[in-house]
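Colleague: Before anything else, here's the structure in question.
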Amino acid sequence: MSSMSVKEMREKLASRLKKSRYEHSLGVAETAVKLARRFGVDEEQAYTAGLLHDCAREYRNEDMLQEAVKRGIPFGAIEQAMPLLLHAYIGARRIGELYGVHDEAIAQAIWRHTVGGPGMTRLDKIIWFADMIEPHRDYPEVEELRRLAREATLDEMVLEGLNQSIIFVAHKGHLIHPDTVLARNEILLRQRLKE
């Protein structure tokens, strides 16, 4: 999966991120493993994707556009207006450049961990949700989302996470990424077609 050991990856990541961001990354990795165990997803992939999901946060916001252009990463007006979103796409490339990880499933989970998207795999959903509920997160709805992580189906918990995310972003007056809406609608449609 990687030319580096997990220990080497952790050491390199710790040297490149702020302490709080590194601790968040460890929290996401550990949460992702618990969710992977619960939903029958590869735990090693979940740990690696969780650990490295924010590896591009070493770049300042104002440098994200330039880093994306340098790597030929396509982006639209929303990313241009909110360059922080690009850390997910850049991170998906950085794992190969810097950490020796050449696993498409892990790269895709990192690419999608911020705004989601249509056709999310179980690993994509686990990393996206683990990022929301890891132990360092503290916001009014987090305990309810943690309860869902223990009790709900994968789609039920991700749907509620997407709902909360859209409400939060809308309340802040920010742009809502169309991929988030697509991810939500896809789950809702699947549920409604089952009824």
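Convention: chains lettered A, B, ... in structure tokens order; per-chain residue numbering from 1; ligands numbered from 1 as shown.
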Excluding segment 141-150 of chain A and any residue of its chain fewer than 4 positions from it, enumerate the residues within 8 Å of it, using only C-alpha atoms, and give them as a list in words.
Modeller: Leu35, Met132, Ile133, Arg137, Leu154, Glu156, Met157, Glu160, Gly161 and Gln164 of chain A
Colleague: Hey, what's within 7 Å of segment 105-115 of chain A if we count only C-alpha atoms and toss same-chain stuff fewer than 6 positions away? As a PyMOL selection string, please?
Modeller: chain A and resi 45+49+53+85+88-89+91-92+123-124+127-128+177+179-180
Colleague: Would you output that residue set with N, CA and C atoms, as a PDB file, in the first residue's frame?
Modeller:
```pdb
ATOM      1  N   GLN A  45      -6.624   0.685   4.898  1.00  0.00           N
ATOM      2  CA  GLN A  45      -6.949   1.786   3.989  1.00  0.00           C
ATOM      3  C   GLN A  45      -7.600   2.931   4.771  1.00  0.00           C
ATOM      4  N   ALA A  49      -5.962   6.633   4.978  1.00  0.00           N
ATOM      5  CA  ALA A  49      -6.724   7.766   4.437  1.00  0.00           C
ATOM      6  C   ALA A  49      -7.047   8.770   5.532  1.00  0.00           C
ATOM      7  N   HIS A  53      -5.531  12.527   5.398  1.00  0.00           N
ATOM      8  CA  HIS A  53      -6.582  13.292   4.714  1.00  0.00           C
ATOM      9  C   HIS A  53      -6.291  14.787   4.655  1.00  0.00           C
ATOM     10  N   LEU A  85     -10.864  24.588   0.183  1.00  0.00           N
ATOM     11  CA  LEU A  85     -11.434  23.329  -0.319  1.00  0.00           C
ATOM     12  C   LEU A  85     -10.422  22.530  -1.134  1.00  0.00           C
ATOM     13  N   ALA A  88      -8.178  19.165  -0.131  1.00  0.00           N
ATOM     14  CA  ALA A  88      -8.575  17.765  -0.321  1.00  0.00           C
ATOM     15  C   ALA A  88      -7.997  17.214  -1.619  1.00  0.00           C
ATOM     16  N   TYR A  89      -8.107  17.987  -2.696  1.00  0.00           N
ATOM     17  CA  TYR A  89      -7.635  17.535  -4.006  1.00  0.00           C
ATOM     18  C   TYR A  89      -6.104  17.464  -4.034  1.00  0.00           C
ATOM     19  N   GLY A  91      -4.179  17.124  -1.422  1.00  0.00           N
ATOM     20  CA  GLY A  91      -3.807  16.023  -0.529  1.00  0.00           C
ATOM     21  C   GLY A  91      -3.868  14.671  -1.220  1.00  0.00           C
ATOM     22  N   ALA A  92      -4.873  14.498  -2.076  1.00  0.00           N
ATOM     23  CA  ALA A  92      -5.013  13.230  -2.807  1.00  0.00           C
ATOM     24  C   ALA A  92      -3.803  12.975  -3.708  1.00  0.00           C
ATOM     25  N   LEU A 123     -15.569   3.580   1.778  1.00  0.00           N
ATOM     26  CA  LEU A 123     -14.369   4.220   2.340  1.00  0.00           C
ATOM     27  C   LEU A 123     -14.489   5.743   2.272  1.00  0.00           C
ATOM     28  N   ASP A 124     -14.961   6.275   1.140  1.00  0.00           N
ATOM     29  CA  ASP A 124     -15.159   7.731   1.006  1.00  0.00           C
ATOM     30  C   ASP A 124     -16.052   8.243   2.141  1.00  0.00           C
ATOM     31  N   ILE A 127     -14.336   8.178   5.687  1.00  0.00           N
ATOM     32  CA  ILE A 127     -13.350   9.251   5.914  1.00  0.00           C
ATOM     33  C   ILE A 127     -14.074  10.589   6.058  1.00  0.00           C
ATOM     34  N   TRP A 128     -15.046  10.830   5.201  1.00  0.00           N
ATOM     35  CA  TRP A 128     -15.821  12.077   5.269  1.00  0.00           C
ATOM     36  C   TRP A 128     -16.476  12.222   6.653  1.00  0.00           C
ATOM     37  N   HIS A 177     -21.126  23.625  -1.930  1.00  0.00           N
ATOM     38  CA  HIS A 177     -20.548  22.957  -3.091  1.00  0.00           C
ATOM     39  C   HIS A 177     -21.579  22.010  -3.700  1.00  0.00           C
ATOM     40  N   ASP A 179     -21.212  19.279  -5.176  1.00  0.00           N
ATOM     41  CA  ASP A 179     -20.930  17.868  -4.884  1.00  0.00           C
ATOM     42  C   ASP A 179     -21.574  17.428  -3.570  1.00  0.00           C
ATOM     43  N   THR A 180     -21.675  18.338  -2.611  1.00  0.00           N
ATOM     44  CA  THR A 180     -22.326  18.017  -1.334  1.00  0.00           C
ATOM     45  C   THR A 180     -23.813  17.760  -1.566  1.00  0.00           C
TER      46      THR A 180
END
```
Colleague: Might you pull out every residue within 7 Å of Ala32 of chain A, with only C-alpha atoms counted and same-chain residues fewer than 3 positions away left off, and present them as a PyMOL selection string?
Modeller: chain A and resi 28-29+35-36+46-47+50+126-127+130
Colleague: Would you write out those residues with N, CA and C atoms, as a compact mmCIF listing (two decimals), in the first residue's frame?
Modeller:
```
# COMPACT_ATOMS: atom_id res chain seq x y z
N VAL A 28 -8.94 11.33 13.34
CA VAL A 28 -9.70 10.88 12.17
C VAL A 28 -9.28 9.45 11.80
N ALA A 29 -7.98 9.16 11.85
CA ALA A 29 -7.49 7.81 11.51
C ALA A 29 -8.09 6.77 12.45
N LEU A 35 -15.03 2.86 12.37
CA LEU A 35 -16.13 2.82 11.41
C LEU A 35 -15.89 1.73 10.36
N ALA A 36 -14.65 1.58 9.92
CA ALA A 36 -14.32 0.54 8.93
C ALA A 36 -14.63 -0.84 9.50
N ALA A 46 -8.52 2.58 5.66
CA ALA A 46 -9.22 3.60 6.45
C ALA A 46 -8.24 4.38 7.32
N TYR A 47 -7.31 3.68 7.96
CA TYR A 47 -6.33 4.35 8.82
C TYR A 47 -5.45 5.29 8.00
N GLY A 50 -7.42 8.28 6.71
CA GLY A 50 -7.72 9.17 7.83
C GLY A 50 -6.49 9.94 8.29
N ILE A 126 -16.77 6.87 5.02
CA ILE A 126 -16.16 6.70 6.35
C ILE A 126 -15.18 7.83 6.64
N ILE A 127 -14.34 8.18 5.69
CA ILE A 127 -13.35 9.25 5.91
C ILE A 127 -14.07 10.59 6.06
N ALA A 130 -15.76 10.43 9.54
CA ALA A 130 -14.77 10.41 10.62
C ALA A 130 -14.20 11.80 10.86
```
Colleague: Closest to Asp131 of chain A among A:Leu182, A:Val158, A:Ile73, A:Val169, using only C-alpha atoms?
Modeller: A:Val158
Colleague: Suppose you want the space between atom CA of Ile95 of chain A and atom CA of Arg10 of chain A; what is it in Å?
Modeller: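 Calculated distance between atom CA of Ile95 of chain A and atom CA of Arg10 of chain A is 12.3 Å.
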Colleague: My list of candidates is A:Leu159, A:Val6, A:Ala14, A:Ala56. Which is closest to Val101 of chain A when distances are computed with only C-alpha atoms?
Modeller: A:Val6
